[in-house]
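Reviewing the structure listed below.
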Amino acid sequence: MGNRVVITGLGVVAPNGLNIPDFLHAIQNGVSGIRYVPEYEDLKFNCQVAGLPDFEWEVLHNYISETSLYGLKGKGIAYGIKAALDAWMDAGNPIVTDQTLWETGCVFGSSVADTDVIKNAINRVDARESKKLGSRVVEQIMNSGVTAYISGRLGLGNKIINNSAACATGTQSILMGYEYIKFGMAKRMLVGSCEFVDRYVFGGFDSMRVLSRKFNDQPERASRPMSATAGGFVPGSGAGALILEDLDFALARGAKIYGELKGGATNSGGQKNGGSMTAPGPDGVVRCIREAIADAEIDPKEIDLISGHLTATIADKLEIQNWVKALGRQGDGFPLVNSLKSMVGHSLSAAGSIEMVAAVLQLKHNFAHANLNLEDPIPEILDIIGEKNLPTTRVDKEINTIAKANFGFGDVNACLVISKY
Amino acid sequence: MDRKEILVELKKVLTPYTENKEMLEGISEQTDLIKDLKINSANLVDIIIDAEAQYNIEIDFDAAEKMYNVGNCIDVISDKINKPA
C-alpha cells in the first residue's frame with residue numbers, strides 16, 4: 001500500500017571521507033577517521049579523541065552564494081549544506097533557484113544549534129553590545145537553520161522540517177521523508193541530518209562517563225563497538241544526506257536508482273520496563289524493528305546485513321539480544337552485523353544519516369564493511385550470534401536487504417529497511 | 001574625508017553583501033542598495049555595523065533608516081565623522 005520510494009542521491013561529510021567516492025573507499029578499506037584532539041587534553045576531558053571531518057570551509061564557495069557564505073559560522077549547518085547539495089547533484093539535479101519546486105521537500109535533523117554562534121551572542125549581549133550582533137545570528141542559532149539554508153538554496157517548496165530525536169534523528173528524518181512520499185504528500189524529499197559536536201556538548205557526555213578514555217594514545221583503536229575492551233563511545237561530527245523519490249517520478253526522469261527504501265518505523269519504549277532517559281527499553285526496540293520489517297513487507301530471513309546502532313558501550317550486548325528476538329534468528333542463522341561507528345565514532349544526530357549512506361553503498365556495491373577493533377568480541381554476543389557474523393575485514397558478497405536502526409536519548413527508536421531495486 | 005573618499009571606503013563595506021560586483025564597481029550616489037545592488041534588506045543592519053567599525057562612529061536607529069541609497073549613506077557617515085558624538 002502506498003507509493004514505492006527509491007534512493008537516487010547520496011551525500012556525506014564524514015570523519016573518514018568528505019564526499020561519496022572517498023567515503024566509499026574508506027569504508028571498503030576500513031579507514032578510521034578518529035583522531036587525537038589536543039584541545040580536549042587541554043580541557044581535561046577524559047576522552048581526548050574524536051571523529052572530526054577534515055572540512056575545508058573554502059569548498060562552500062562552490063555551494064552557496066558569497067553573500068550567504070559571508071557571516072556563516074555554524075559548522076553543523078555547513079556540513080549539512082555540503083552533504084545535502086552533494087546528494088542533490090548526485091541525483092542528477094541542477095542547482096537552480098529561480099523557481100520553487102513544490103513537489104520536493106526537506107527533512108533535515110540536528111541536535112544542538114551551533115554553540116560557537118550562541119556563545120558569541122551570549123558574550124555580546126552580556127557586554128551590552130547586542131546592537132553589534134547583526135542579522136546572521138538568529139538564522140544560525142535556530143535549530144531549523146540547516147533546513148532553511150538547504151531549502152532556500154534549492155528552492156524546495158514542499159514540507160520543510162527540522163527534526164530532532166537525539167541519536168535517532170537521522171534515521172527518523174529519512175523515515176519521515178519516506179512516509180511523505182509513500183502517502184502521496186511529496187514526490188521527492190531531501191533527507192538527512194548533521195551534527196557538530198562542540199566542546200560543550202562533548203563535555204556533557206564526557207561528564208556522564210560514557211566516552212572512551214583508555215585509548216587516547218591510540219585514537220584509531222578507541223572506537224570499539226561490541227568489543228570486550230570497549231569503554232564508551234567516541235564522539236563524531238558530520239552530515240549525511242539522501243534523495244528519496246517516488247519510484248514513478250524517478251523513472252520518468254531516468255534517474256539512477258541506488259536501492260529501494262522498503263519500510264521503516266519509529267517508536268519509544270516510553271522510558272518504562274528497562275527504558276529510561278538514556279537507555280532504550282527492549283520492548284520498544286523489538287517492536288520497532290518488527291514494525292519496520294512489517295512495513296517493508298519482507299521476511300526477517302531476507303535481511304543480509306544489520307547496520308547497528310552499536311556505539312561501544314554496555315548497551316551493545318543488549319542491542320544484539322534485541323535484534324535476535326526481533327528477527328527470530330540466532331547463531332549462524334543471524335545476518336552479518338557491522339557498526340560504522342568503529343571507523344567514524346558516534347556522530348549523534350548525524351549518525352543515522354551517515355550510517356544510512358554507508359548502508360546504501362554496501363547494498364549497491366555488495367559488501368559488508370569491517371568492524372574495526374573487534375579482535376575481542378563480547379563473549380555474550382558470541383554466545384548468541386557466533387563469530388562468523390561479525391566481520392573484522394570486508395566481506396564481499398551479494399547484499400540484497402539491509403536493516404538499519406538507531407536508538408536515542410528519551411528512549412526513541414528508529415529502524416529502516418532497504419533492498420535492491 | 002570628502003564624499004568621494006567616503007564612497008571609496010563605502011564600496012569596501014558593501015562588497016560582502018552584494019553578488020553584483022560589477023554594479024558595485026560603478027556605483028554613484030543614486031545607486032539604491034536594495035533595488036540596484038540586490039542587497040537583502042536584513043543585511044542593511046550588518047552594513048551599518050560594519051560602517052560603524054570602519055569609520056569609528058555610532059549610527060543611531062533614526063539615522064540608519066535613511067541609509068537606503070549610496071548618497072544617503074554618505075550623508076549619514078560624513079555627518080557623524082564631522083560631528084563626533
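Chain labels follow the order of the C-alpha cells: the first chain is A, the next B, and so on; residue numbering restarts at 1 in every chain, and ligands are counted from 1 in their shown order.
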
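For His309 of chain A, the set of protein, DNA and RNA residues having any atom at most 10 Å away, when counting only C-alpha atoms and skipping those fewer than 5 positions along the same chain, is Cys167, Ala168, Pro225, Ala315, Asp316, Glu319, Ile320, Asn338, Ser339, Leu340, Lys341, His346, Ala351, Gly352, Glu355, Lys404, Ala405, Asn406, Phe407, Gly408, Ala414 and Cys415 of chain A.
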
Apply DSSP to the backbone of this structure and, from segment 320-354 of chain A, keep only the residues in strand (DSSP E or B); write these as an mmCIF file with N, CA and C atoms, in the first residue's frame.
data_model
loop_
_atom_site.group_PDB
_atom_site.id
_atom_site.type_symbol
_atom_site.label_atom_id
_atom_site.label_comp_id
_atom_site.auth_asym_id
_atom_site.auth_seq_id
_atom_site.Cartn_x
_atom_site.Cartn_y
_atom_site.Cartn_z
ATOM 1 N N LEU A 336 24.866 -10.834 8.947
ATOM 2 C CA LEU A 336 26.083 -10.081 9.247
ATOM 3 C C LEU A 336 25.693 -8.811 10.023
ATOM 4 N N VAL A 337 26.571 -8.384 10.916
ATOM 5 C CA VAL A 337 26.324 -7.155 11.682
ATOM 6 C C VAL A 337 27.562 -6.281 11.616
ATOM 7 N N ASN A 338 27.356 -4.996 11.347
ATOM 8 C CA ASN A 338 28.506 -4.098 11.493
ATOM 9 C C ASN A 338 28.089 -2.752 12.056
ATOM 10 N N HIS A 346 30.658 8.128 17.002
ATOM 11 C CA HIS A 346 29.212 8.300 17.091
ATOM 12 C C HIS A 346 28.865 9.777 16.882
#

Per residue of chain A within 10 Å of chain B, record the nearest atom pair and its distance in Å to one decimal, counting only C-alpha atoms, with rows in chain order and ascending residue number, as a Markdown table.
| residue | atom | partner | partner_atom | distance |
| --- | --- | --- | --- | --- |
| A:Ser65 | CA | B:Glu19 | CA | 7.6 |
| A:Glu66 | CA | B:Glu19 | CA | 6.9 |
| A:Thr67 | CA | B:Tyr17 | CA | 5.1 |
| A:Ser68 | CA | B:Tyr17 | CA | 8.4 |
| A:Leu69 | CA | B:Pro16 | CA | 9.2 |
| A:Tyr70 | CA | B:Pro16 | CA | 6.5 |
| A:Gly71 | CA | B:Pro16 | CA | 9.1 |
| A:Lys131 | CA | B:Ile49 | CA | 8.0 |
| A:Lys132 | CA | B:Ile49 | CA | 6.1 |
| A:Leu133 | CA | B:Asp46 | CA | 8.3 |
| A:Gly134 | CA | B:Asp46 | CA | 5.1 |
| A:Ser135 | CA | B:Asn43 | CA | 6.0 |
| A:Arg136 | CA | B:Asn43 | CA | 8.2 |

Shell around Asp32 of chain B at 10 Å using only C-alpha atoms, local window under 5 positions removed, as a count of residues only: 10

All residues 9 Å or closer to Ser32 of chain A, only C-alpha atoms, same chain fewer than 6 positions away omitted, as a ChimeraX atom specification: /A:15-16,26,51,219-221,342-345,372

Selected residues written out, N, CA and C atoms, as a PDB file, in the first residue's frame:
ATOM      1  N   PRO A  15      34.039  11.841   9.083  1.00  0.00           N
ATOM      2  CA  PRO A  15      35.425  11.918   9.548  1.00  0.00           C
ATOM      3  C   PRO A  15      36.407  11.155   8.661  1.00  0.00           C
ATOM      4  N   ASN A  16      35.923  10.177   7.903  1.00  0.00           N
ATOM      5  CA  ASN A  16      36.827   9.419   7.031  1.00  0.00           C
ATOM      6  C   ASN A  16      36.513   9.599   5.550  1.00  0.00           C
ATOM      7  N   ALA A  26      36.935   4.604   1.906  1.00  0.00           N
ATOM      8  CA  ALA A  26      37.271   4.470   3.330  1.00  0.00           C
ATOM      9  C   ALA A  26      36.544   3.290   3.969  1.00  0.00           C
ATOM     10  N   GLY A  51      35.947  11.926  16.117  1.00  0.00           N
ATOM     11  CA  GLY A  51      35.852  11.800  14.671  1.00  0.00           C
ATOM     12  C   GLY A  51      35.482  13.158  14.090  1.00  0.00           C
ATOM     13  N   PRO A 219      44.309   6.565  18.926  1.00  0.00           N
ATOM     14  CA  PRO A 219      42.969   7.036  18.518  1.00  0.00           C
ATOM     15  C   PRO A 219      42.201   6.050  17.644  1.00  0.00           C
ATOM     16  N   GLU A 220      42.898   5.414  16.713  1.00  0.00           N
ATOM     17  CA  GLU A 220      42.195   4.535  15.768  1.00  0.00           C
ATOM     18  C   GLU A 220      41.661   3.271  16.436  1.00  0.00           C
ATOM     19  N   ARG A 221      42.132   3.002  17.642  1.00  0.00           N
ATOM     20  CA  ARG A 221      41.627   1.833  18.383  1.00  0.00           C
ATOM     21  C   ARG A 221      40.540   2.218  19.384  1.00  0.00           C
ATOM     22  N   SER A 342      32.750   2.148  14.414  1.00  0.00           N
ATOM     23  CA  SER A 342      34.127   1.688  14.643  1.00  0.00           C
ATOM     24  C   SER A 342      35.116   2.499  13.796  1.00  0.00           C
ATOM     25  N   MET A 343      34.627   3.144  12.749  1.00  0.00           N
ATOM     26  CA  MET A 343      35.515   3.950  11.884  1.00  0.00           C
ATOM     27  C   MET A 343      35.376   5.448  12.108  1.00  0.00           C
ATOM     28  N   VAL A 344      34.161   5.905  12.407  1.00  0.00           N
ATOM     29  CA  VAL A 344      33.919   7.362  12.449  1.00  0.00           C
ATOM     30  C   VAL A 344      33.455   7.853  13.809  1.00  0.00           C
ATOM     31  N   GLY A 345      33.249   6.953  14.749  1.00  0.00           N
ATOM     32  CA  GLY A 345      32.701   7.358  16.037  1.00  0.00           C
ATOM     33  C   GLY A 345      31.197   7.548  15.944  1.00  0.00           C
ATOM     34  N   LEU A 372      36.009  -2.392  12.786  1.00  0.00           N
ATOM     35  CA  LEU A 372      37.369  -2.196  13.272  1.00  0.00           C
ATOM     36  C   LEU A 372      37.421  -2.516  14.770  1.00  0.00           C
TER      37      LEU A 372
END

Per-residue DSSP, chain B, filtered to helix (DSSP H, G or I), as a ChimeraX atom specification: /B:3-17,21-25,41-55,61-65,70-82

Writing out the chosen residues with N, CA and C atoms as a compact mmCIF listing (two decimals), in the first residue's frame:
# COMPACT_ATOMS: atom_id res chain seq x y z
N ARG B 3 33.29 63.46 0.26
CA ARG B 3 32.28 62.47 -0.15
C ARG B 3 32.86 61.40 -1.07
N LYS B 4 33.82 61.80 -1.90
CA LYS B 4 34.43 60.84 -2.83
C LYS B 4 35.23 59.77 -2.06
N GLU B 5 35.95 60.25 -1.05
CA GLU B 5 36.75 59.32 -0.24
C GLU B 5 35.84 58.37 0.53
N ILE B 6 34.76 58.93 1.05
CA ILE B 6 33.81 58.08 1.78
C ILE B 6 33.23 57.01 0.85
N LEU B 7 32.92 57.41 -0.38
CA LEU B 7 32.34 56.45 -1.34
C LEU B 7 33.30 55.29 -1.60
N VAL B 8 34.58 55.61 -1.73
CA VAL B 8 35.58 54.56 -1.97
C VAL B 8 35.61 53.58 -0.80
N GLU B 9 35.59 54.11 0.40
CA GLU B 9 35.58 53.27 1.61
C GLU B 9 34.27 52.47 1.71
N LEU B 10 33.17 53.13 1.36
CA LEU B 10 31.85 52.50 1.45
C LEU B 10 31.75 51.27 0.54
N LYS B 11 32.40 51.38 -0.62
CA LYS B 11 32.41 50.24 -1.55
C LYS B 11 32.96 49.00 -0.86
N LYS B 12 34.02 49.19 -0.09
CA LYS B 12 34.62 48.06 0.61
C LYS B 12 33.65 47.47 1.64
N VAL B 13 32.92 48.36 2.31
CA VAL B 13 31.95 47.90 3.31
C VAL B 13 30.85 47.08 2.63
N LEU B 14 30.42 47.54 1.44
CA LEU B 14 29.29 46.88 0.76
C LEU B 14 29.68 45.56 0.08
N THR B 15 30.96 45.41 -0.22
CA THR B 15 31.40 44.27 -1.04
C THR B 15 30.86 42.90 -0.60
N PRO B 16 30.95 42.53 0.69
CA PRO B 16 30.50 41.17 1.05
C PRO B 16 28.99 40.97 0.93
N TYR B 17 28.26 42.05 0.75
CA TYR B 17 26.79 41.93 0.82
C TYR B 17 26.10 41.93 -0.53
N LYS B 21 29.03 42.45 -8.26
CA LYS B 21 30.30 43.18 -8.08
C LYS B 21 30.52 44.22 -9.19
N GLU B 22 30.00 43.94 -10.39
CA GLU B 22 30.19 44.87 -11.49
C GLU B 22 29.48 46.19 -11.22
N MET B 23 28.24 46.07 -10.79
CA MET B 23 27.47 47.27 -10.49
C MET B 23 28.10 48.01 -9.31
N LEU B 24 28.62 47.25 -8.36
CA LEU B 24 29.24 47.88 -7.19
C LEU B 24 30.42 48.73 -7.63
N GLU B 25 31.17 48.23 -8.62
CA GLU B 25 32.33 48.96 -9.13
C GLU B 25 31.92 50.34 -9.65
N SER B 41 17.46 43.03 2.43
CA SER B 41 17.14 44.13 3.35
C SER B 41 17.59 43.81 4.78
N ALA B 42 17.58 42.52 5.16
CA ALA B 42 18.03 42.15 6.51
C ALA B 42 19.51 42.48 6.72
N ASN B 43 20.28 42.50 5.61
CA ASN B 43 21.71 42.76 5.73
C ASN B 43 22.04 44.24 5.91
N LEU B 44 21.04 45.13 5.77
CA LEU B 44 21.33 46.56 5.97
C LEU B 44 21.88 46.79 7.38
N VAL B 45 21.40 46.04 8.36
CA VAL B 45 21.92 46.22 9.72
C VAL B 45 23.39 45.80 9.80
N ASP B 46 23.76 44.80 9.01
CA ASP B 46 25.17 44.37 9.02
C ASP B 46 26.06 45.45 8.40
N ILE B 47 25.53 46.08 7.35
CA ILE B 47 26.28 47.16 6.70
C ILE B 47 26.48 48.32 7.67
N ILE B 48 25.44 48.61 8.44
CA ILE B 48 25.55 49.68 9.42
C ILE B 48 26.58 49.33 10.50
N ILE B 49 26.53 48.08 10.96
CA ILE B 49 27.50 47.64 11.98
C ILE B 49 28.93 47.73 11.44
N ASP B 50 29.11 47.31 10.18
CA ASP B 50 30.45 47.36 9.56
C ASP B 50 30.89 48.80 9.36
N ALA B 51 29.95 49.67 8.94
CA ALA B 51 30.28 51.08 8.72
C ALA B 51 30.67 51.73 10.04
N GLU B 52 29.99 51.37 11.11
CA GLU B 52 30.34 51.92 12.44
C GLU B 52 31.79 51.59 12.80
N ALA B 53 32.15 50.33 12.52
CA ALA B 53 33.51 49.89 12.84
C ALA B 53 34.52 50.56 11.92
N GLN B 54 34.17 50.64 10.64
CA GLN B 54 35.07 51.20 9.63
C GLN B 54 35.41 52.67 9.92
N TYR B 55 34.38 53.46 10.30
CA TYR B 55 34.59 54.91 10.48
C TYR B 55 34.67 55.30 11.94
N PHE B 61 19.38 54.51 15.35
CA PHE B 61 18.29 53.92 14.58
C PHE B 61 17.68 54.90 13.58
N ASP B 62 17.50 56.15 14.00
CA ASP B 62 16.87 57.14 13.11
C ASP B 62 17.75 57.41 11.90
N ALA B 63 19.04 57.56 12.14
CA ALA B 63 19.96 57.81 11.02
C ALA B 63 20.01 56.59 10.11
N ALA B 64 20.02 55.41 10.71
CA ALA B 64 20.12 54.18 9.94
C ALA B 64 18.97 54.03 8.95
N GLU B 65 17.80 54.47 9.34
CA GLU B 65 16.63 54.34 8.47
C GLU B 65 16.76 55.13 7.18
N VAL B 70 23.26 55.03 -1.81
CA VAL B 70 24.66 55.36 -1.53
C VAL B 70 24.80 56.81 -1.05
N GLY B 71 24.05 57.74 -1.69
CA GLY B 71 24.11 59.16 -1.30
C GLY B 71 23.69 59.34 0.15
N ASN B 72 22.57 58.68 0.55
CA ASN B 72 22.11 58.79 1.94
C ASN B 72 23.15 58.26 2.91
N CYS B 73 23.78 57.15 2.52
CA CYS B 73 24.81 56.56 3.40
C CYS B 73 25.94 57.56 3.61
N ILE B 74 26.36 58.18 2.51
CA ILE B 74 27.46 59.15 2.61
C ILE B 74 27.03 60.34 3.47
N ASP B 75 25.77 60.77 3.31
CA ASP B 75 25.24 61.87 4.14
C ASP B 75 25.43 61.54 5.62
N VAL B 76 24.93 60.36 5.99
CA VAL B 76 24.93 59.97 7.41
C VAL B 76 26.37 59.82 7.92
N ILE B 77 27.19 59.16 7.12
CA ILE B 77 28.58 58.92 7.56
C ILE B 77 29.35 60.23 7.69
N SER B 78 29.23 61.09 6.69
CA SER B 78 30.01 62.34 6.75
C SER B 78 29.50 63.22 7.89
N ASP B 79 28.19 63.17 8.14
CA ASP B 79 27.62 63.92 9.25
C ASP B 79 28.23 63.46 10.58
N LYS B 80 28.33 62.12 10.76
CA LYS B 80 28.84 61.56 12.02
C LYS B 80 30.34 61.80 12.16
N ILE B 81 31.07 61.68 11.04
CA ILE B 81 32.52 61.87 11.11
C ILE B 81 32.84 63.31 11.52
N ASN B 82 32.08 64.22 10.94
CA ASN B 82 32.36 65.64 11.20
C ASN B 82 31.84 66.11 12.55
